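The file query-v3.txt contains compact mmCIF, C-alpha atoms:
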```
# COMPACT_ATOMS: atom_id res chain seq x y z
CA MET O 1 -61.28 -49.96 -5.66
CA GLU O 2 -62.91 -47.04 -7.46
CA LEU O 3 -62.60 -45.36 -10.83
CA MET O 4 -62.95 -41.59 -10.67
CA SER O 5 -63.80 -40.00 -14.01
CA GLN O 6 -63.56 -36.26 -13.40
CA PRO O 7 -65.71 -34.23 -13.62
CA PHE O 8 -68.52 -36.78 -14.11
CA SER O 9 -67.99 -38.81 -10.94
CA GLY O 10 -66.23 -36.37 -8.65
CA GLN O 11 -63.19 -34.11 -8.49
CA LEU O 12 -59.90 -35.34 -7.14
CA GLY O 13 -59.08 -32.05 -5.42
CA ASN O 14 -62.06 -32.47 -3.12
CA ARG O 15 -61.08 -36.06 -2.36
CA LEU O 16 -57.48 -35.08 -1.58
CA ILE O 17 -58.69 -32.46 0.88
CA GLU O 18 -60.91 -35.07 2.59
CA LEU O 19 -58.00 -37.51 2.86
CA LEU O 20 -55.70 -34.81 4.26
CA GLU O 21 -58.29 -34.00 6.91
CA SER O 22 -58.58 -37.66 7.93
CA GLU O 23 -56.66 -38.84 11.01
CA ASP O 24 -56.16 -42.27 9.43
CA TYR O 25 -52.97 -41.24 7.64
CA HIS O 26 -49.58 -39.92 8.71
CA THR O 27 -47.77 -39.53 5.37
CA LEU O 28 -48.58 -38.31 1.89
CA ASN O 29 -46.17 -39.03 -0.93
CA PHE O 30 -47.10 -37.61 -4.32
CA ALA O 31 -45.47 -37.51 -7.73
CA VAL O 32 -46.86 -35.21 -10.43
CA ALA O 33 -45.61 -33.98 -13.77
CA PHE O 34 -47.05 -30.47 -13.37
CA ALA O 35 -47.86 -28.10 -10.50
CA LYS O 36 -49.43 -24.67 -10.87
CA ASN O 37 -50.77 -22.11 -8.41
CA SER O 38 -54.33 -22.79 -9.56
CA GLY O 39 -54.08 -26.18 -7.86
CA VAL O 40 -51.42 -25.72 -5.19
CA LEU O 41 -53.02 -22.63 -3.63
CA ARG O 42 -56.30 -24.54 -3.24
CA VAL O 43 -54.74 -27.46 -1.35
CA LYS O 44 -51.96 -25.72 0.59
CA ASP O 45 -54.07 -25.08 3.71
CA SER O 46 -55.04 -28.76 3.83
CA LEU O 47 -51.41 -29.78 3.37
CA GLU O 48 -50.42 -27.48 6.22
CA GLY O 49 -53.23 -28.72 8.46
CA PHE O 50 -52.10 -32.30 7.84
CA ARG O 51 -48.53 -31.36 8.81
CA LYS O 52 -49.61 -29.50 11.94
CA ARG O 53 -51.29 -32.70 13.13
CA GLY O 54 -47.95 -34.50 12.75
CA GLY O 55 -48.29 -35.65 9.15
CA LYS O 56 -45.46 -35.68 6.61
CA VAL O 57 -45.77 -34.55 3.00
CA ASN O 58 -43.16 -35.56 0.42
CA ALA O 59 -43.48 -34.11 -3.08
CA PHE O 60 -41.84 -35.21 -6.34
CA VAL O 61 -42.50 -32.76 -9.16
CA GLY O 62 -41.46 -32.61 -12.81
CA VAL O 63 -40.34 -29.48 -14.67
CA ASP O 64 -40.82 -30.68 -18.25
CA LEU O 65 -42.85 -28.92 -20.97
CA GLY O 66 -43.32 -25.75 -18.91
CA GLY O 67 -45.95 -27.49 -16.80
CA THR O 68 -44.61 -26.51 -13.38
CA SER O 69 -44.32 -22.88 -12.37
CA TYR O 70 -41.87 -20.94 -10.24
CA GLU O 71 -44.71 -19.77 -8.01
CA ALA O 72 -46.08 -23.27 -7.40
CA LEU O 73 -42.67 -24.53 -6.26
CA GLN O 74 -42.42 -21.61 -3.84
CA VAL O 75 -45.75 -22.56 -2.26
CA LEU O 76 -44.88 -26.26 -2.13
CA LEU O 77 -41.53 -25.50 -0.47
CA LEU O 78 -43.42 -23.89 2.42
CA HIS O 79 -46.09 -26.58 2.77
CA THR O 80 -44.22 -29.87 2.32
CA ASP O 81 -41.58 -31.67 4.38
CA THR O 82 -39.51 -32.57 1.34
CA LEU O 83 -39.79 -31.07 -2.13
CA ASN O 84 -37.96 -32.82 -4.94
CA VAL O 85 -37.66 -32.07 -8.65
CA VAL O 86 -37.16 -34.88 -11.14
CA HIS O 87 -35.82 -34.10 -14.62
CA ALA O 88 -33.82 -35.91 -17.31
CA GLU O 89 -31.63 -33.92 -19.69
CA LYS O 90 -32.88 -35.78 -22.74
CA SER O 91 -36.19 -36.60 -24.43
CA GLN O 92 -37.61 -38.36 -21.38
CA THR O 93 -40.52 -36.65 -19.63
CA PHE O 94 -41.31 -37.10 -15.95
CA HIS O 95 -45.05 -37.66 -16.27
CA PRO O 96 -46.57 -39.61 -13.32
CA LYS O 97 -49.62 -38.62 -11.28
CA ILE O 98 -49.54 -40.66 -8.06
CA TYR O 99 -50.81 -39.85 -4.57
CA GLN O 100 -49.98 -42.31 -1.77
CA PHE O 101 -51.39 -41.95 1.74
CA LEU O 102 -49.85 -44.06 4.51
CA GLY O 103 -51.32 -44.79 7.93
CA GLU O 104 -50.71 -47.10 10.86
CA ARG O 105 -53.53 -49.47 9.90
CA LYS O 106 -54.56 -48.42 6.42
CA GLY O 107 -53.43 -46.73 3.27
CA PHE O 108 -54.87 -45.12 0.18
CA ALA O 109 -53.46 -44.92 -3.33
CA ILE O 110 -54.47 -42.80 -6.31
CA VAL O 111 -52.93 -43.48 -9.70
CA GLY O 112 -54.14 -41.76 -12.85
CA SER O 113 -53.93 -38.52 -14.81
CA HIS O 114 -54.44 -35.75 -12.23
CA ASN O 115 -51.65 -33.17 -11.98
CA MET O 116 -51.53 -30.66 -9.13
CA THR O 117 -53.15 -27.89 -11.14
CA GLY O 118 -56.63 -26.42 -10.98
CA GLY O 119 -57.53 -28.30 -14.13
CA GLY O 120 -55.94 -31.55 -12.99
CA LEU O 121 -57.64 -31.53 -9.60
CA TRP O 122 -61.02 -30.02 -10.50
CA THR O 123 -61.95 -28.97 -14.03
CA ASN O 124 -60.22 -31.15 -16.64
CA PHE O 125 -61.42 -34.44 -18.02
CA GLU O 126 -59.26 -36.79 -15.91
CA SER O 127 -59.41 -40.38 -14.69
CA SER O 128 -57.77 -42.20 -11.80
CA VAL O 129 -58.04 -45.50 -9.96
CA LEU O 130 -58.47 -45.03 -6.20
CA VAL O 131 -57.51 -47.95 -3.99
CA SER O 132 -58.25 -48.13 -0.26
CA ILE O 133 -55.67 -50.42 1.35
CA ASP O 134 -57.56 -51.13 4.56
CA GLU O 135 -58.27 -54.83 4.34
CA PRO O 136 -56.10 -57.91 3.83
CA SER O 137 -55.46 -58.42 0.15
CA THR O 138 -52.39 -59.66 -1.66
CA ASP O 139 -53.06 -57.35 -4.61
CA LYS O 140 -53.47 -54.27 -2.41
CA THR O 141 -50.42 -55.12 -0.35
CA ASN O 142 -48.43 -55.45 -3.55
CA ILE O 143 -49.65 -52.02 -4.74
CA SER O 144 -48.49 -50.42 -1.51
CA LYS O 145 -45.13 -52.17 -1.66
CA GLU O 146 -44.61 -51.26 -5.32
CA LEU O 147 -45.39 -47.61 -4.65
CA ASP O 148 -42.84 -47.59 -1.82
CA GLU O 149 -40.31 -49.03 -4.24
CA TYR O 150 -41.21 -46.45 -6.89
CA PHE O 151 -40.62 -43.47 -4.62
CA GLY O 152 -37.39 -45.10 -3.47
CA LYS O 153 -36.23 -45.43 -7.07
CA LEU O 154 -36.97 -41.74 -7.70
CA LYS O 155 -34.68 -40.81 -4.81
CA SER O 156 -31.90 -42.95 -6.33
CA LEU O 157 -31.87 -41.09 -9.66
CA ASN O 158 -28.74 -39.16 -8.65
CA ASP O 159 -28.20 -36.33 -11.16
CA SER O 160 -31.81 -36.46 -12.36
CA PHE O 161 -33.12 -35.86 -8.84
CA MET O 162 -32.85 -32.52 -7.01
CA LEU O 163 -33.85 -31.85 -3.41
CA ILE O 164 -35.29 -28.34 -3.13
CA SER O 165 -34.42 -27.21 0.38
CA LYS O 166 -34.41 -23.43 0.09
CA LYS O 167 -35.75 -20.58 -2.00
CA ASP O 168 -32.38 -20.14 -3.73
CA ASP O 169 -32.78 -23.60 -5.29
CA ILE O 170 -35.98 -22.44 -7.00
CA GLU O 171 -34.32 -19.19 -8.08
CA GLU O 172 -31.59 -21.26 -9.75
CA LEU O 173 -34.20 -23.28 -11.65
CA LEU O 174 -35.78 -19.99 -12.77
CA GLN O 175 -32.47 -18.47 -13.87
CA HIS O 176 -31.60 -21.50 -15.98
CA GLY O 177 -35.04 -21.77 -17.59
CA TYR O 178 -36.28 -24.98 -15.97
CA VAL O 179 -39.30 -23.14 -14.58
CA VAL O 180 -40.90 -19.82 -15.45
CA LYS O 181 -43.29 -17.45 -13.75
CA GLU O 182 -46.88 -18.20 -14.67
CA VAL O 183 -47.53 -14.81 -16.23
CA ALA O 184 -44.36 -15.13 -18.33
CA GLU O 185 -45.65 -18.43 -19.68
CA ARG O 186 -48.97 -16.80 -20.52
CA ILE O 187 -47.19 -14.03 -22.41
CA HIS O 188 -45.17 -16.59 -24.37
CA ARG O 189 -48.36 -18.48 -25.21
CA ALA O 190 -50.13 -15.31 -26.32
CA LYS O 191 -47.30 -14.58 -28.72
CA ASN O 192 -47.61 -18.04 -30.25
CA ASN O 193 -51.39 -17.70 -30.50
CA LYS O 194 -51.03 -14.46 -32.46
CA ASN O 195 -48.94 -16.36 -34.98
CA ASN O 196 -51.83 -18.79 -35.41
CA GLU O 197 -54.80 -16.43 -35.67
CA THR O 198 -56.31 -18.41 -38.54
CA HIS O 199 -57.21 -21.27 -36.17
CA LYS O 200 -60.78 -22.45 -36.63
CA SER O 201 -62.67 -24.02 -33.71
CA LEU O 202 -64.04 -27.44 -34.59
CA PHE O 203 -65.34 -28.48 -31.15
CA GLY O 204 -67.63 -27.31 -28.36
CA LYS O 205 -66.75 -26.03 -24.89
CA GLY O 206 -67.02 -29.29 -22.96
CA VAL O 207 -68.55 -29.53 -19.48
CA SER O 208 -68.99 -26.43 -17.32
CA VAL O 209 -67.05 -26.91 -14.07
CA LYS O 210 -66.05 -24.28 -11.51
CA LEU O 211 -62.93 -24.12 -9.40
CA PRO O 212 -63.62 -24.09 -5.64
CA SER O 213 -63.25 -20.99 -3.49
CA ILE O 214 -60.58 -20.67 -0.84
CA ALA O 215 -62.13 -19.94 2.55
CA GLY O 216 -60.86 -17.53 5.16
CA THR O 217 -58.66 -15.26 3.08
CA GLN O 218 -60.42 -11.94 3.61
CA LYS O 219 -60.46 -9.79 6.73
CA GLU O 220 -63.28 -7.41 7.58
CA SER O 221 -63.23 -4.23 5.52
CA ALA O 222 -63.50 -0.79 7.03
CA ALA O 223 -66.77 -0.33 5.15
CA PRO O 224 -69.16 -2.69 3.37
CA ILE O 225 -67.74 -4.11 0.18
CA ALA O 226 -69.34 -2.95 -3.01
CA ALA O 227 -70.53 -5.80 -5.15
CA PRO O 228 -68.94 -5.78 -8.60
CA PRO O 229 -71.41 -4.81 -11.32
CA LYS O 230 -70.58 -7.99 -13.18
CA SER O 231 -67.99 -10.72 -12.86
CA ILE O 232 -64.80 -10.81 -14.89
CA SER O 233 -64.81 -13.63 -17.41
CA VAL O 234 -62.50 -16.46 -16.40
CA LEU O 235 -60.24 -17.88 -19.08
CA PRO O 236 -61.28 -21.25 -20.53
CA SER O 237 -58.24 -22.82 -18.82
CA ASP O 238 -57.78 -23.00 -15.05
CA GLU O 239 -55.87 -19.71 -15.06
CA GLY O 240 -57.50 -16.72 -13.46
CA PRO O 241 -57.53 -13.34 -15.21
CA THR O 242 -54.39 -11.24 -14.79
CA ILE O 243 -53.86 -7.49 -14.73
CA TRP O 244 -50.43 -5.84 -14.96
CA PHE O 245 -49.22 -2.37 -14.05
CA GLU O 246 -46.27 -0.23 -14.96
CA THR O 247 -45.11 1.06 -11.55
CA ARG O 248 -42.59 3.83 -12.31
CA LYS O 249 -41.77 5.56 -8.98
CA MET O 250 -44.72 4.32 -6.83
CA THR O 251 -45.79 6.26 -3.71
CA GLY O 252 -45.74 5.74 0.05
CA GLY O 253 -42.79 5.63 2.42
CA SER O 254 -41.96 2.07 1.36
CA ARG O 255 -43.01 2.74 -2.24
CA ASN O 256 -45.79 0.22 -1.70
CA ILE O 257 -48.90 2.18 -2.73
CA LEU O 258 -50.29 1.45 -6.18
CA ASP O 259 -52.76 3.89 -7.74
CA LEU O 260 -55.83 2.26 -9.30
CA SER O 261 -57.67 4.39 -11.80
CA MET O 262 -61.39 5.19 -11.71
CA LYS O 263 -61.40 5.50 -15.50
CA SER O 264 -58.85 4.25 -18.01
CA LEU O 265 -57.91 5.45 -21.47
CA VAL O 266 -57.93 2.52 -23.88
CA GLU O 267 -54.83 2.25 -26.06
CA ARG O 268 -55.72 -1.02 -27.82
CA GLY O 269 -58.39 -3.68 -27.55
CA ASP O 270 -62.10 -3.61 -26.99
CA PRO O 271 -63.56 -3.61 -23.45
CA ARG O 272 -67.14 -4.04 -24.72
CA GLY O 273 -68.83 -7.04 -23.14
CA THR O 274 -66.31 -7.22 -20.28
CA ALA O 275 -66.54 -5.97 -16.70
CA PHE O 276 -64.62 -2.88 -17.85
CA ASP O 277 -67.23 -1.80 -20.41
CA LEU O 278 -68.01 1.90 -19.95
CA GLY O 279 -70.10 2.28 -23.10
CA ASP O 280 -67.32 4.27 -24.74
CA PRO O 281 -64.71 2.46 -26.88
CA LYS O 282 -62.10 5.11 -26.01
CA PHE O 283 -62.38 4.59 -22.26
CA MET O 284 -63.10 1.77 -19.84
CA ARG O 285 -63.86 1.35 -16.17
CA GLY O 286 -60.71 1.84 -14.10
CA ALA O 287 -58.25 -0.71 -12.74
CA VAL O 288 -60.04 -0.89 -9.39
CA GLU O 289 -62.81 -2.80 -11.21
CA PHE O 290 -60.46 -5.79 -11.56
CA PHE O 291 -60.44 -6.15 -7.78
CA GLY O 292 -64.23 -6.23 -7.51
CA LEU O 293 -64.94 -2.62 -6.54
CA ASP O 294 -67.20 -0.20 -8.38
CA PRO O 295 -64.98 2.75 -9.38
CA ASP O 296 -67.78 5.18 -8.50
CA ALA O 297 -68.42 3.74 -5.01
CA THR O 298 -65.72 5.86 -3.37
CA ASP O 299 -67.18 5.38 0.13
CA LYS O 300 -66.28 1.67 0.05
CA SER O 301 -63.03 -0.12 0.88
CA LYS O 302 -61.84 -3.67 0.70
CA ASP O 303 -59.07 -5.86 2.09
CA ILE O 304 -57.48 -8.48 -0.15
CA THR O 305 -54.99 -11.28 0.42
CA ILE O 306 -51.89 -11.28 -1.77
CA ASN O 307 -49.78 -14.40 -2.19
CA PHE O 308 -46.20 -13.32 -2.85
CA ASP O 309 -43.21 -15.67 -2.97
CA GLY O 310 -45.52 -18.44 -1.77
CA VAL O 311 -46.72 -16.61 1.36
CA ASP O 312 -50.21 -15.21 2.01
CA TYR O 313 -50.26 -11.59 3.17
CA THR O 314 -53.64 -10.41 4.46
CA GLY O 315 -54.81 -6.87 5.07
CA ASN O 316 -53.86 -5.17 1.80
CA THR O 317 -56.40 -2.37 1.63
CA ILE O 318 -58.05 -0.87 -1.43
CA LEU O 319 -59.62 2.52 -0.69
CA PHE O 320 -60.39 5.93 -2.10
CA PRO O 321 -58.46 8.31 0.16
CA SER O 322 -59.72 11.65 1.35
CA GLY O 323 -57.99 14.64 2.90
CA GLN O 324 -55.27 17.02 1.80
CA HIS O 325 -52.94 14.24 0.59
CA ALA O 326 -55.56 12.53 -1.58
CA ASN O 327 -54.84 12.50 -5.30
CA GLY O 328 -58.37 11.73 -6.54
CA THR O 329 -57.81 8.08 -7.37
CA TRP O 330 -58.18 4.68 -5.75
CA ARG O 331 -55.18 3.13 -4.03
CA LEU O 332 -54.03 -0.38 -3.25
CA GLN O 333 -51.96 -0.26 -0.07
CA ILE O 334 -49.64 -3.26 -0.38
CA LYS O 335 -49.03 -3.54 3.34
CA GLY O 336 -50.32 -6.98 4.35
CA THR O 337 -48.86 -9.30 6.97
CA SER O 338 -48.21 -13.04 6.92
CA PRO O 339 -49.55 -15.55 9.49
CA SER O 340 -46.20 -15.18 11.28
CA GLU O 341 -46.73 -11.38 11.42
CA VAL O 342 -44.08 -10.58 8.82
CA GLY O 343 -44.98 -7.64 6.62
CA ILE O 344 -44.98 -7.94 2.86
CA THR O 345 -42.74 -4.86 2.69
CA GLU O 346 -40.15 -6.81 4.71
CA ALA O 347 -40.31 -9.53 2.06
CA PHE O 348 -39.73 -6.86 -0.60
CA ARG O 349 -36.63 -5.63 1.26
CA LYS O 350 -35.20 -9.15 1.30
CA ASN O 351 -35.43 -9.19 -2.48
CA ASP O 352 -34.01 -5.68 -2.89
CA ALA O 353 -32.45 -3.44 -0.25
CA GLY O 354 -33.91 -0.45 -2.08
CA HIS O 355 -37.51 -0.03 -3.19
CA TYR O 356 -38.36 -3.37 -4.79
CA LEU O 357 -41.51 -2.31 -6.66
CA VAL O 358 -40.07 0.85 -8.23
CA LYS O 359 -39.65 0.78 -12.03
CA LYS O 360 -41.14 -2.68 -12.39
CA VAL O 361 -44.09 -4.44 -13.97
CA ILE O 362 -46.25 -6.02 -11.29
CA THR O 363 -49.01 -8.50 -12.01
CA PHE O 364 -52.02 -9.72 -10.05
CA THR O 365 -53.66 -13.00 -10.98
CA LYS O 366 -57.12 -13.56 -9.56
CA ILE O 367 -57.71 -16.76 -7.63
CA GLN O 368 -60.96 -15.42 -6.22
CA ASP O 369 -62.46 -12.01 -5.51
CA ASP O 370 -60.44 -11.41 -2.32
CA TYR O 371 -57.33 -13.47 -3.16
CA TYR O 372 -54.62 -12.80 -5.76
CA PHE O 373 -51.05 -13.86 -6.37
CA MET O 374 -48.55 -11.21 -7.31
CA SER O 375 -45.45 -11.48 -9.48
CA VAL O 376 -42.82 -8.84 -10.21
CA PHE O 377 -40.88 -8.33 -13.45
CA PRO O 378 -38.27 -5.78 -14.59
CA ASP O 379 -39.76 -2.93 -16.60
CA SER O 380 -37.45 -3.90 -19.47
CA GLN O 381 -40.07 -6.57 -20.27
CA ILE O 382 -42.90 -4.10 -20.72
CA GLU O 383 -42.98 -4.43 -24.53
CA SER O 384 -43.73 -8.15 -24.17
CA PHE O 385 -46.55 -7.36 -21.74
CA LYS O 386 -47.98 -4.78 -24.13
CA ALA O 387 -47.91 -7.19 -27.07
CA ALA O 388 -49.60 -9.99 -25.13
CA SER O 389 -52.44 -7.92 -23.63
CA SER O 390 -55.98 -8.37 -24.87
CA ILE O 391 -56.67 -4.84 -23.61
CA LEU O 392 -53.91 -2.25 -23.27
CA ALA O 393 -54.81 0.93 -21.40
CA ARG O 394 -53.61 3.73 -19.18
CA ASN O 395 -53.96 3.67 -15.41
CA GLY O 396 -55.89 6.91 -15.70
CA SER O 397 -57.76 8.94 -18.31
CA SER O 398 -54.77 10.73 -19.84
CA GLY O 399 -52.18 9.55 -22.32
CA GLN O 400 -49.42 10.30 -19.78
CA ALA O 401 -50.69 7.86 -17.16
CA ARG O 402 -48.86 4.61 -16.47
CA LEU O 403 -49.65 1.62 -18.61
CA LEU O 404 -51.76 -1.34 -17.60
CA GLY O 405 -52.96 -4.40 -19.44
CA ILE O 406 -55.36 -7.31 -19.19
CA LEU O 407 -53.95 -10.73 -20.07
```
What would you get if you wrote out this structure as structure tokens?
Amino acid sequence: MELMSQPFSGQLGNRLIELLESEDYHTLNFAVAFAKNSGVLRVKDSLEGFRKRGGKVNAFVGVDLGGTSYEALQVLLLHTDTLNVVHAEKSQTFHPKIYQFLGERKGFAIVGSHNMTGGGLWTNFESSVLVSIDEPSTDKTNISKELDEYFGKLKSLNDSFMLISKKDDIEELLQHGYVVKEVAERIHRAKNNKNNETHKSLFGKGVSVKLPSIAGTQKESAAPIAAPPKSISVLPSDEGPTIWFETRKMTGGSRNILDLSMKSLVERGDPRGTAFDLGDPKFMRGAVEFFGLDPDATDKSKDITINFDGVDYTGNTILFPSGQHANGTWRLQIKGTSPSEVGITEAFRKNDAGHYLVKKVITFTKIQDDYYFMSVFPDSQIESFKAASSILARNGSSGQARLLGIL
């Protein structure tokens, strides 16, 4: 038996990945109150590896208090054998954090405070008791039996238990407000924070802890990648920085090419001290800077992975085009393919028979320098995006260019 006090004596995310890579276990059952992409995207490959070796993953997730996102459920649907949502239509919060590994000869149980978020698994102050059930013990046998009974009771909750078997089930939760997109939640929070601008900080910043990188997301670029002049500051929570773009008509045959400015006109906010600082309060470094490329290094290119609707699409190229059709600006070619060789543009067509990205607001949230998750919103919400942005600018140096913002 072990007490893990994160981050002082380890991080549960690392331990979960180790357990998923072990051949001692054939089943993982977990129940968490909250799931966000910051955690789910960092464990999904381990979940999938466990399943490919014959393992089963059964998830029970709450949707109370805005703690679970639309995007996280999409990822979990693809990387679990059963995905279940537990919710009571009264003042009763589903709030457990339990991970149960089952094997032929041994088991492992984790009970504590760790949700499936980046903070819960790596950066927050959290504590859990870890119990290895690999030796005869009445107490340990009882723990295993009681956990089996607990998961059985969750399944018997009838109307407070929902099996998520297809994407449409998650869409229904979104439409009825049980989950929201992560960027939408951030916008809502920013609005509330503006109403409380007189807040005075009474405490320090805690312990410095970094989220782990995700390996193997980036393909080789056509040319060496330019190192960013300085890193973008990560928010104090486990959320990565987010940039949004007004798309208008887009370009490309599939309307899948997004222009990224070399230089941006600042409408509101102060880029000084950020990666966008150009030494001129009226202008800032262009949108391509967000993706880790120097706007002036036009001989460079870079491939990024975009997670959209829970699926990773690799081979989305950022480049500065040349030739007679070049328009003098950087471009993000949103043209990646999934591991099953399905193109991201095919996924767009499934959502909209027309051009899905036209007249929208699209957002990119940074997980790491070559890996982002993308969400799409109707352009009718642009005023909310403008109000929530710490920096509001134009995707170009003129006042007629499309809007962009940093959240």
In terms of the shortest atom-to-atom distance over all atoms listed in the file, which of O:Leu78, O:Met116, O:Leu12, O:Ile243 is closest to Leu403 in chain O?
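Residue with the minimum atom-to-atom distance to Leu403 in chain O: O:Ile243.
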Mind listing whatever residues come within 9 Å of the point (-43.7, 4.6, -10.8)? Use only C-alpha atoms, file coordinates, and give them as number ranges by chain.
O: 246-251, 255, 258, 357-360, 402
List every protein, DNA or RNA residue that has at least one atom no more than 6 Å from (-60.3, -28.2, -3.4) in the file's coordinates, counting only C-alpha atoms, and write the result as a list of chain:residue names.
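Residues with an atom close enough to that point: O:Gly13, O:Asn14, O:Arg42, O:Val43, O:Pro212.
Take the candidates O:Phe308, O:Tyr313, O:Tyr178, O:Phe94 and check each one against Gln74 in chain O using all atoms listed in the file; the shortest distance goes to O:Phe308.
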Point out the residue among O:Ser46, O:Ser69, O:Ser127, O:Ser22 with the least atom-to-atom distance to Gln6 in chain O, counting all atoms listed in the file.
O:Ser127
Selection: 10 Å around Gly107 in chain O, all atoms listed in the file, excl. self and same-chain fewer than 6 positions, as an MDAnalysis selection string:
chainID O and resid 24:28 100:101 131:135 140:141 144
